[in-house]
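Shown next: data11.cif, given as mmCIF, C-alpha atoms and all ligand atoms.
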data_target
loop_
_atom_site.label_atom_id
_atom_site.label_comp_id
_atom_site.auth_asym_id
_atom_site.auth_seq_id
_atom_site.Cartn_x
_atom_site.Cartn_y
_atom_site.Cartn_z
CA MET A 227 0.00 0.00 0.00
CA THR A 228 1.49 3.30 -1.00
CA ALA A 229 0.56 6.41 0.91
CA PHE A 230 1.27 9.99 -0.05
CA ARG A 231 2.73 12.36 2.42
CA CYS A 232 2.24 15.94 1.26
CA SER A 233 3.78 19.00 2.76
CA ARG A 234 2.52 22.41 1.85
CA LEU A 235 5.40 24.60 0.93
CA THR A 236 4.72 28.04 2.19
CA THR A 237 6.81 31.17 2.08
CA VAL A 238 9.83 30.55 -0.12
CA VAL A 239 8.38 28.50 -2.92
CA VAL A 240 5.41 29.44 -5.06
CA GLY A 241 2.38 29.52 -2.83
CA ALA A 242 0.27 26.93 -4.57
CA ALA A 243 2.93 24.27 -4.68
CA LEU A 244 2.21 21.04 -3.01
CA LEU A 245 5.14 18.75 -2.62
CA CYS A 246 3.98 15.20 -2.59
CA THR A 247 6.42 12.41 -2.00
CA ALA A 248 5.39 8.87 -2.37
CA VAL A 249 6.36 7.32 0.88
CA THR A 250 5.88 3.78 1.81
CA ALA A 251 3.44 2.94 4.54
CA GLN A 252 5.48 1.39 7.33
CA ALA A 253 8.48 0.84 5.06
CA ARG A 254 10.65 -1.71 6.78
CA GLU A 255 14.03 -3.23 6.26
CA PHE A 256 15.17 -6.58 7.63
CA SER A 257 18.54 -8.28 7.76
CA VAL A 258 18.94 -11.71 6.18
CA SER A 259 21.96 -13.81 7.08
CA THR A 260 23.53 -16.42 4.80
CA VAL A 261 26.78 -18.35 4.92
CA LEU A 262 27.48 -18.28 1.19
CA SER A 263 27.34 -15.29 -1.17
CA ASP A 264 25.38 -14.94 -4.39
CA ALA A 265 28.21 -16.62 -6.29
CA PHE A 266 26.56 -19.79 -4.92
CA PRO A 267 22.96 -21.07 -5.27
CA TRP A 268 22.49 -20.46 -1.52
CA GLY A 269 23.23 -16.74 -1.80
CA GLN A 270 21.21 -16.58 -5.01
CA ALA A 271 18.23 -17.95 -3.09
CA ALA A 272 18.53 -15.02 -0.70
CA GLU A 273 18.75 -12.46 -3.51
CA ARG A 274 15.74 -14.05 -5.17
CA TRP A 275 13.76 -13.90 -1.93
CA ALA A 276 14.70 -10.23 -1.50
CA ASP A 277 13.75 -9.41 -5.11
CA LEU A 278 10.37 -11.14 -4.86
CA VAL A 279 9.58 -9.41 -1.59
CA GLU A 280 10.64 -6.02 -2.96
CA GLU A 281 8.51 -6.50 -6.06
CA ARG A 282 5.42 -7.91 -4.37
CA SER A 283 5.45 -5.33 -1.58
CA GLU A 284 6.07 -2.56 -4.11
CA GLY A 285 9.21 -1.56 -2.33
CA ARG A 286 7.65 -1.44 1.12
CA ILE A 287 9.68 -4.35 2.50
CA THR A 288 13.41 -4.56 1.96
CA LEU A 289 15.41 -7.66 2.77
CA ARG A 290 19.08 -6.78 3.06
CA VAL A 291 21.25 -9.84 2.59
CA TYR A 292 24.45 -10.19 4.64
CA PRO A 293 26.46 -13.12 3.24
CA ASN A 294 29.61 -14.84 4.54
CA SER A 295 28.21 -15.27 8.07
CA GLN A 296 29.29 -11.67 8.66
CA LEU A 297 26.50 -11.00 11.18
CA VAL A 298 27.95 -13.72 13.41
CA ALA A 299 31.61 -12.87 12.85
CA GLY A 300 32.08 -15.90 10.60
CA ASP A 301 30.77 -18.43 13.10
CA GLN A 302 27.90 -20.03 11.22
CA THR A 303 26.94 -22.28 14.13
CA ARG A 304 25.85 -19.13 16.01
CA GLU A 305 23.45 -17.97 13.31
CA PHE A 306 20.37 -19.64 14.76
CA SER A 307 20.97 -18.23 18.26
CA ALA A 308 21.59 -14.76 16.83
CA MET A 309 18.31 -14.95 14.94
CA ARG A 310 16.45 -16.21 17.98
CA GLN A 311 17.85 -13.31 20.03
CA GLY A 312 16.88 -10.80 17.37
CA LEU A 313 20.43 -9.79 16.43
CA ILE A 314 19.49 -11.09 13.00
CA ASP A 315 15.95 -10.67 11.66
CA MET A 316 15.95 -13.49 9.14
CA ALA A 317 18.24 -16.13 7.71
CA ILE A 318 18.52 -18.84 5.13
CA GLY A 319 20.49 -21.43 7.00
CA SER A 320 21.77 -24.95 6.53
CA THR A 321 20.31 -27.68 8.73
CA ILE A 322 23.91 -28.50 9.70
CA ASN A 323 24.66 -25.04 11.04
CA TRP A 324 21.45 -24.83 13.08
CA SER A 325 21.63 -28.36 14.48
CA PRO A 326 23.59 -27.41 17.63
CA GLN A 327 20.46 -25.49 18.75
CA VAL A 328 17.85 -27.69 17.04
CA PRO A 329 18.97 -31.31 17.54
CA GLU A 330 16.13 -32.59 15.31
CA LEU A 331 17.98 -31.10 12.33
CA ASN A 332 20.65 -33.76 12.73
CA LEU A 333 18.17 -36.02 10.96
CA PHE A 334 19.58 -34.79 7.65
CA SER A 335 23.15 -35.51 8.74
CA LEU A 336 22.57 -39.19 9.54
CA PRO A 337 24.97 -40.95 7.16
CA PHE A 338 23.34 -42.53 4.10
CA PHE A 339 19.83 -41.91 5.42
CA MET A 340 18.52 -40.21 2.27
CA PRO A 341 19.41 -42.13 -0.90
CA ASP A 342 18.32 -39.57 -3.48
CA GLU A 343 16.61 -36.26 -4.17
CA SER A 344 13.12 -37.72 -4.00
CA ALA A 345 13.93 -39.01 -0.50
CA VAL A 346 14.93 -35.49 0.54
CA ASP A 347 11.66 -34.16 -0.89
CA ALA A 348 9.68 -36.88 0.87
CA VAL A 349 11.18 -35.78 4.19
CA THR A 350 10.99 -32.00 3.78
CA GLY A 351 7.58 -32.08 2.10
CA GLY A 352 6.00 -34.67 4.37
CA GLU A 353 5.04 -35.20 7.98
CA ALA A 354 8.68 -35.29 9.12
CA GLY A 355 9.18 -31.85 7.58
CA GLU A 356 6.25 -30.52 9.60
CA MET A 357 7.68 -32.02 12.78
CA ILE A 358 10.99 -30.29 12.04
CA PHE A 359 9.30 -26.95 11.43
CA ASP A 360 7.47 -27.38 14.76
CA ALA A 361 10.79 -28.08 16.47
CA ILE A 362 12.23 -24.86 15.05
CA GLU A 363 9.16 -22.84 15.97
CA SER A 364 9.25 -24.13 19.54
CA ARG A 365 12.69 -22.53 19.79
CA GLY A 366 11.59 -19.01 18.96
CA VAL A 367 12.16 -18.92 15.21
CA VAL A 368 9.49 -19.12 12.51
CA PRO A 369 10.45 -21.37 9.58
CA LEU A 370 8.93 -20.46 6.21
CA ALA A 371 10.32 -22.63 3.43
CA TRP A 372 12.94 -25.11 2.29
CA GLY A 373 15.89 -24.68 -0.06
CA GLU A 374 18.85 -26.96 -0.69
CA ASN A 375 22.61 -26.83 -0.29
CA GLY A 376 22.85 -30.33 -1.73
CA PHE A 377 24.26 -33.83 -1.44
CA ARG A 378 27.66 -33.54 0.16
CA GLN A 379 30.64 -35.20 -1.49
CA LEU A 380 34.05 -35.97 -0.05
CA SER A 381 37.28 -34.47 -1.37
CA ASN A 382 40.88 -34.83 -0.30
CA SER A 383 44.44 -34.16 -1.39
CA GLN A 384 45.95 -37.56 -0.64
CA GLY A 385 44.41 -40.21 -2.86
CA PRO A 386 41.24 -41.87 -4.12
CA ILE A 387 38.73 -42.87 -1.45
CA ALA A 388 36.60 -45.88 -2.38
CA GLU A 389 36.31 -47.66 0.95
CA PRO A 390 36.33 -46.68 4.63
CA GLY A 391 39.95 -47.83 5.02
CA ASP A 392 41.04 -45.14 2.55
CA LEU A 393 40.03 -42.49 5.07
CA ASN A 394 42.30 -43.89 7.71
CA GLY A 395 44.13 -41.09 9.54
CA LEU A 396 43.09 -38.39 7.08
CA LYS A 397 42.42 -34.99 8.63
CA ILE A 398 39.00 -33.91 7.45
CA ARG A 399 37.47 -30.47 7.95
CA VAL A 400 33.88 -30.79 9.18
CA VAL A 401 31.35 -28.25 10.33
CA GLY A 402 28.48 -27.90 12.74
CA SER A 403 27.15 -30.58 14.96
CA PRO A 404 29.29 -33.09 16.90
CA LEU A 405 27.54 -35.76 14.82
CA PHE A 406 30.17 -35.12 12.14
CA GLN A 407 32.93 -35.90 14.60
CA ASP A 408 31.27 -39.25 15.19
CA THR A 409 30.73 -40.07 11.50
CA PHE A 410 34.31 -39.38 10.50
CA THR A 411 35.76 -40.97 13.61
CA ALA A 412 33.72 -44.11 12.86
CA LEU A 413 35.32 -44.10 9.41
CA GLY A 414 38.82 -43.98 10.90
CA ALA A 415 39.48 -40.38 9.87
CA ASN A 416 40.63 -37.52 12.02
CA PRO A 417 37.86 -34.87 11.86
CA THR A 418 38.42 -31.22 12.76
CA GLN A 419 35.50 -28.89 13.25
CA MET A 420 35.89 -25.42 11.77
CA SER A 421 33.87 -22.70 10.08
CA TRP A 422 33.64 -22.28 6.34
CA ALA A 423 35.67 -19.09 6.70
CA ASP A 424 38.56 -21.11 8.11
CA ALA A 425 38.17 -24.10 5.79
CA LYS A 426 39.86 -22.84 2.64
CA PRO A 427 42.94 -21.51 4.47
CA ALA A 428 43.23 -24.84 6.30
CA LEU A 429 43.04 -26.73 3.00
CA THR A 430 45.56 -24.35 1.42
CA THR A 431 48.16 -24.83 4.12
CA GLY A 432 47.55 -28.56 4.33
CA ALA A 433 46.43 -28.26 7.96
CA VAL A 434 43.64 -30.58 6.82
CA ASP A 435 43.69 -33.17 4.04
CA GLY A 436 40.05 -33.10 3.04
CA GLN A 437 36.57 -31.67 3.34
CA GLU A 438 32.99 -32.44 2.37
CA ASN A 439 30.59 -30.11 0.57
CA PRO A 440 28.07 -30.16 -2.28
CA LEU A 441 29.38 -29.99 -5.86
CA SER A 442 28.14 -26.40 -6.21
CA VAL A 443 30.34 -25.31 -3.30
CA PHE A 444 33.35 -27.30 -4.53
CA ASP A 445 32.92 -25.83 -8.00
CA VAL A 446 32.28 -22.16 -7.17
CA ALA A 447 34.85 -21.97 -4.35
CA ARG A 448 37.39 -23.69 -6.64
CA ILE A 449 38.31 -26.22 -3.99
CA ASP A 450 40.42 -28.00 -6.63
CA GLN A 451 42.82 -25.04 -6.56
CA VAL A 452 43.81 -25.81 -2.98
CA GLY A 453 45.07 -29.29 -3.73
CA GLN A 454 41.81 -31.22 -3.48
CA GLU A 455 42.46 -33.50 -6.43
CA HIS A 456 40.30 -36.43 -5.36
CA LEU A 457 36.55 -36.39 -5.11
CA THR A 458 34.34 -39.26 -3.97
CA LEU A 459 30.68 -39.14 -4.95
CA TRP A 460 29.12 -40.90 -1.99
CA ASN A 461 25.92 -38.86 -1.42
CA TYR A 462 26.30 -39.55 2.29
CA MET A 463 23.98 -36.72 3.32
CA ASN A 464 22.14 -33.69 2.01
CA ASP A 465 21.75 -30.41 3.84
CA PRO A 466 18.55 -28.57 3.04
CA LEU A 467 18.36 -24.83 3.62
CA ILE A 468 15.62 -23.27 5.71
CA PHE A 469 14.22 -19.76 5.28
CA ALA A 470 13.28 -18.43 8.71
CA VAL A 471 12.37 -15.32 10.70
CA ASN A 472 12.85 -14.20 14.28
CA GLU A 473 9.58 -14.68 16.12
CA ARG A 474 9.16 -11.08 17.38
CA VAL A 475 9.82 -9.72 13.91
CA TRP A 476 7.24 -12.16 12.57
CA SER A 477 4.55 -11.24 15.05
CA SER A 478 5.13 -7.53 14.41
CA LEU A 479 4.05 -8.01 10.80
CA PRO A 480 0.48 -7.73 9.57
CA GLU A 481 -0.96 -11.00 8.30
CA GLU A 482 -0.79 -9.98 4.66
CA ASP A 483 2.93 -9.25 4.95
CA GLN A 484 3.49 -12.57 6.68
CA ALA A 485 1.76 -14.29 3.77
CA LEU A 486 3.80 -12.28 1.27
CA LEU A 487 7.12 -13.16 2.96
CA ARG A 488 6.21 -16.82 3.27
CA GLN A 489 5.08 -17.22 -0.33
CA ALA A 490 8.16 -15.40 -1.62
CA ALA A 491 10.36 -17.73 0.47
CA ILE A 492 8.55 -20.79 -0.90
CA ASP A 493 8.94 -19.55 -4.47
CA ALA A 494 12.61 -18.63 -4.02
CA GLY A 495 13.29 -21.98 -2.36
CA GLN A 496 11.64 -24.02 -5.10
CA TRP A 497 13.49 -22.04 -7.74
CA GLU A 498 16.82 -22.58 -5.98
CA ILE A 499 16.28 -26.31 -5.41
CA ALA A 500 15.44 -26.87 -9.08
CA MET A 501 18.42 -24.81 -10.22
CA THR A 502 20.87 -26.54 -7.86
CA ARG A 503 19.78 -29.98 -9.06
CA GLU A 504 19.80 -29.03 -12.73
CA GLN A 505 23.34 -27.74 -12.47
CA GLU A 506 24.82 -30.83 -10.77
CA SER A 507 25.94 -32.66 -13.91
CA GLU A 508 27.54 -29.65 -15.57
CA ARG A 509 29.32 -28.82 -12.33
CA LEU A 510 30.71 -32.35 -12.15
CA ALA A 511 31.87 -32.11 -15.74
CA ALA A 512 33.58 -28.77 -15.03
CA ILE A 513 35.30 -30.20 -11.95
CA GLN A 514 36.53 -33.22 -13.92
CA GLU A 515 37.78 -31.01 -16.72
CA ARG A 516 39.96 -29.23 -14.21
CA GLY A 517 41.71 -32.54 -13.50
CA VAL A 518 39.97 -33.71 -10.35
CA GLN A 519 39.87 -37.52 -10.09
CA VAL A 520 36.34 -38.65 -9.36
CA VAL A 521 35.43 -41.91 -7.63
CA GLU A 522 31.87 -43.21 -7.84
CA LEU A 523 31.06 -45.97 -5.36
CA ASN A 524 29.65 -49.26 -6.54
CA GLY A 525 26.97 -51.01 -4.49
CA GLU A 526 29.41 -53.01 -2.44
CA GLN A 527 31.61 -50.03 -1.63
CA HIS A 528 28.56 -48.00 -0.67
CA GLN A 529 27.43 -50.79 1.66
CA ALA A 530 30.83 -50.83 3.37
CA PHE A 531 30.41 -47.13 4.24
CA VAL A 532 26.86 -47.73 5.44
CA GLU A 533 28.01 -50.48 7.79
CA ALA A 534 31.00 -48.54 9.06
CA THR A 535 28.78 -45.66 10.20
CA GLN A 536 26.04 -47.60 12.02
CA SER A 537 27.31 -46.49 15.43
CA VAL A 538 26.26 -42.94 14.53
CA TYR A 539 22.64 -44.08 14.50
CA ASP A 540 22.93 -45.77 17.89
CA LYS A 541 24.13 -42.56 19.46
CA TRP A 542 22.16 -39.93 17.51
CA VAL A 543 18.71 -41.36 16.81
CA PRO A 544 17.69 -40.91 20.48
CA GLN A 545 18.87 -37.28 20.37
CA ILE A 546 17.04 -36.56 17.12
CA GLY A 547 13.94 -38.38 18.33
CA GLU A 548 12.96 -41.97 17.50
CA ASP A 549 9.57 -40.79 16.37
CA LEU A 550 10.93 -38.24 13.92
CA VAL A 551 13.44 -40.69 12.45
CA GLU A 552 10.70 -43.31 12.06
CA THR A 553 8.33 -40.82 10.42
CA ALA A 554 11.06 -39.72 8.02
CA ARG A 555 11.91 -43.32 7.21
CA ASP A 556 8.25 -44.10 6.47
CA GLY A 557 8.07 -41.07 4.21
CA ILE A 558 11.16 -42.17 2.30
CA GLU A 559 9.87 -45.71 1.87
CA ALA A 560 6.49 -44.53 0.63
CA ARG A 561 7.94 -42.06 -1.93
O1 LIG A 601 30.51 -24.77 5.92
C1 LIG A 601 30.09 -25.52 5.03
O2 LIG A 601 30.64 -26.57 4.73
C2 LIG A 601 28.84 -25.11 4.29
C3 LIG A 601 29.13 -23.86 3.49
O3 LIG A 601 28.45 -26.13 3.42
C4 LIG A 601 27.78 -24.89 5.31
O4 LIG A 601 27.53 -23.80 5.74
C5 LIG A 601 27.07 -26.07 5.84
#
Have the structure of the file written as structure tokens, please.
Amino acid sequence: MTAFRCSRLTTVVVGAALLCTAVTAQAREFSVSTVLSDAFPWGQAAERWADLVEERSEGRITLRVYPNSQLVAGDQTREFSAMRQGLIDMAIGSTINWSPQVPELNLFSLPFFMPDESAVDAVTGGEAGEMIFDAIESRGVVPLAWGENGFRQLSNSQGPIAEPGDLNGLKIRVVGSPLFQDTFTALGANPTQMSWADAKPALTTGAVDGQENPLSVFDVARIDQVGQEHLTLWNYMNDPLIFAVNERVWSSLPEEDQALLRQAAIDAGQWEIAMTREQESERLAAIQERGVQVVELNGEQHQAFVEATQSVYDKWVPQIGEDLVETARDGIEAR
């Protein structure tokens, strides 16, 4: 809704002049935090959300995107808390980075739980997805929509990895929840938790031998340039993105603006998920062209990784919630 504020100019200017400026009724600006910039699908999702909101609110609502975890001084695992406290109004965050505060989000990090994209969709779009949104909401943040960082693949500088034994003693950079410590320890590796901001320097200096991230991140960040010559496509987990808003900010908004923000988030998320998936094969081709050696696991090799990481389930399913894991599993089976 656009209102007109008019001030009658008196003395100096011609008497009859009315100066009317189109001002926006309750024009508001909100901060949106992301880890990755708009060089990546993740940051592009944020820009898309901002554009849709700008357009549909006719400039009344501005979403200002702050990439590179800058609102939390680079520490992406603090993003959820900062949003809950109101230091950040909104965010598009990875389930990994928010899992320290929302243990249910570790569901997505369970190794080899989701075999393919349709399994991810069955979880996010089904009853399990609703349970996860409830878990987020009960912690003071309003979730609006899903996006996708992607299936995470394993890279390293030392040699091809085709079986758990190949990871033996390798120092692997991991992020987020302690679950990752357990997964990589179970595989015989030596995991080190650090932020994305610290990851590339650590790979460059050889402080770590490897890392795991979706192909889009590997490709755009040119992880091959820091000695990561080996890439294993093992699809061991997928981290969705979640568009969310601080609860007080949300309740301060009129219902129509809430609906506008939510629908724009849904549209931006769907657009970003489709784009990310469509680009996967060309990204892989580009990575291979740059000389990276790619290993694809056969069924037997895949099974060896599944078996080697079973202990992660024993420890983490109770923390995630048996009920949620069961509901997600049912959704995947019925897809
Ligand atoms: O830090 C990572 O690895 C990244 C960019 O994928 C996330 O924020 C989860």
Extract, using all atoms listed in the file, all DNA, RNA and protein residues at most 8 Å from A:Gly402, discarding same-chain residues fewer than 6 positions from it, and format them as a ChimeraX atom specification.
/A:303,322-326,419-421
Emit the selected residues as a PDB file, keeping the file's coordinate frame, including C-alpha atoms.
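Written out: selection21.pdb:
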ATOM      1  CA  THR A 303      26.940 -22.280  14.130  1.00  0.00           C
ATOM      2  CA  ILE A 322      23.910 -28.500   9.700  1.00  0.00           C
ATOM      3  CA  ASN A 323      24.660 -25.040  11.040  1.00  0.00           C
ATOM      4  CA  TRP A 324      21.450 -24.830  13.080  1.00  0.00           C
ATOM      5  CA  SER A 325      21.630 -28.360  14.480  1.00  0.00           C
ATOM      6  CA  PRO A 326      23.590 -27.410  17.630  1.00  0.00           C
ATOM      7  CA  GLN A 419      35.500 -28.890  13.250  1.00  0.00           C
ATOM      8  CA  MET A 420      35.890 -25.420  11.770  1.00  0.00           C
ATOM      9  CA  SER A 421      33.870 -22.700  10.080  1.00  0.00           C
TER      10      SER A 421
END
Nearest residue to A:Val367 from the set A:Arg474, A:Arg448, A:Arg516, A:Arg561 (distances using all atoms listed in the file)
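Closest residue, counting all atoms listed in the file: A:Arg474.
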Hey, what's within 7 Å of stretch 346-355 of chain A if we count all atoms listed in the file and toss same-chain stuff fewer than 5 positions away? As an NGL selection string, please?
:A and (340 or 550 or 553-554 or 557-558 or 561)
Please identify every polymer residue within 10 Å of ligand LIG 601 (chain A), using only C-alpha atoms and all ligand atoms, and present the set as a count of residues only.
43
Hey, which of A:Gln296, A:Thr411, A:Ser507, A:Ser344 ends up closest to A:Thr535? Count only C-alpha atoms.
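Of A:Gln296, A:Thr411, A:Ser507, A:Ser344, the one nearest A:Thr535, counting only C-alpha atoms, is A:Thr411.
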Expected residue set, 12 Å radius at (27.6, -45.1, 17.2), all atoms listed in the file, as a PyMOL selection string:
chain A and resi 336-337+405-413+533-544
Could you check which of A:Val279, A:Val471, A:Val434, A:Leu297 is closest to A:Gly366, using all atoms listed in the file?
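Result for the nearest residue to A:Gly366: A:Val471.
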Using atom CA of A:Gln454 and atom CA of A:Ser383 as the two end points, give the distance in Å to one decimal.
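One can read the atom CA of A:Gln454 to atom CA of A:Ser383 distance as 4.5 Å.
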Selected residue, from A:Asp445, A:Ser335, A:Lys397, A:Thr431, that lies nearest to A:Glu515 when counting only C-alpha atoms:
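Using only C-alpha atoms, the shortest distance to A:Glu515 belongs to A:Asp445.
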Please tabulate, as JSON lines, the residues of stretch 274-303 of chain A that come within 12 Å of stretch 497-503 of chain A, each with its closest pair of atoms and the distance in Å to one decimal, counting only C-alpha atoms and ordering rows by chain, then residue number upward.
{"residue": "A:Arg274", "atom": "CA", "partner": "A:Glu498", "partner_atom": "CA", "distance": 8.6}
{"residue": "A:Trp275", "atom": "CA", "partner": "A:Trp497", "partner_atom": "CA", "distance": 10.0}
{"residue": "A:Leu278", "atom": "CA", "partner": "A:Trp497", "partner_atom": "CA", "distance": 11.7}
I'd like to know which of A:Val518, A:Asn472, A:Asp315, A:Val446 is closest to A:Ser381, using only C-alpha atoms.
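The closest residue to A:Ser381 is A:Val518.
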Using only C-alpha atoms, which residues sit within 10 Å of A:Leu396 once same-chain residues fewer than 2 positions away are excluded, as a list in words?
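The filter keeps Asn382, Ser383, Gln384, Asp392, Leu393, Asn394, Ile398, Arg399, Phe410, Leu413, Gly414, Ala415, Asn416, Pro417, Val434, Asp435 and Gly436 of chain A.
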Polymer residues at most 12 Å from A:Asp277, all atoms listed in the file, same-chain spacing of 2 or more positions, as a PyMOL selection string
chain A and resi 270-275+279-291+487+490-491+493-494
Which one is closest to A:Leu331: A:Ile358, A:Val521, A:Ala511, A:Leu459? Count only C-alpha atoms.
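Under the stated criterion, the closest residue is A:Ile358.
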At what distance in Å, to one decimal, does atom CA of A:Met316 lie from atom CA of A:Ala299?
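A separation of 16.1 Å between them.
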What's the separation between atom CA of A:Asp549 and atom CA of A:Val328, in Å to one decimal place?
15.5 Å
Each side padded by 6 Å, which centre and which edge lengths in Å (one decimal) define the axis-aligned box around the listed atoms of stretch 469-479 of chain A? Give them as JSON.
{"center_x": 9.1, "center_y": -13.6, "center_z": 11.3, "size_x": 22.2, "size_y": 24.2, "size_z": 24.1}
Identify, on the basis of all atoms listed in the file, every residue whose closest approach to A:Trp460 does not exceed 8 Å; exclude the query and any residue fewer than 6 positions from it along the same chain; express the result as a PyMOL selection string.
chain A and resi 378-380+522-523+528
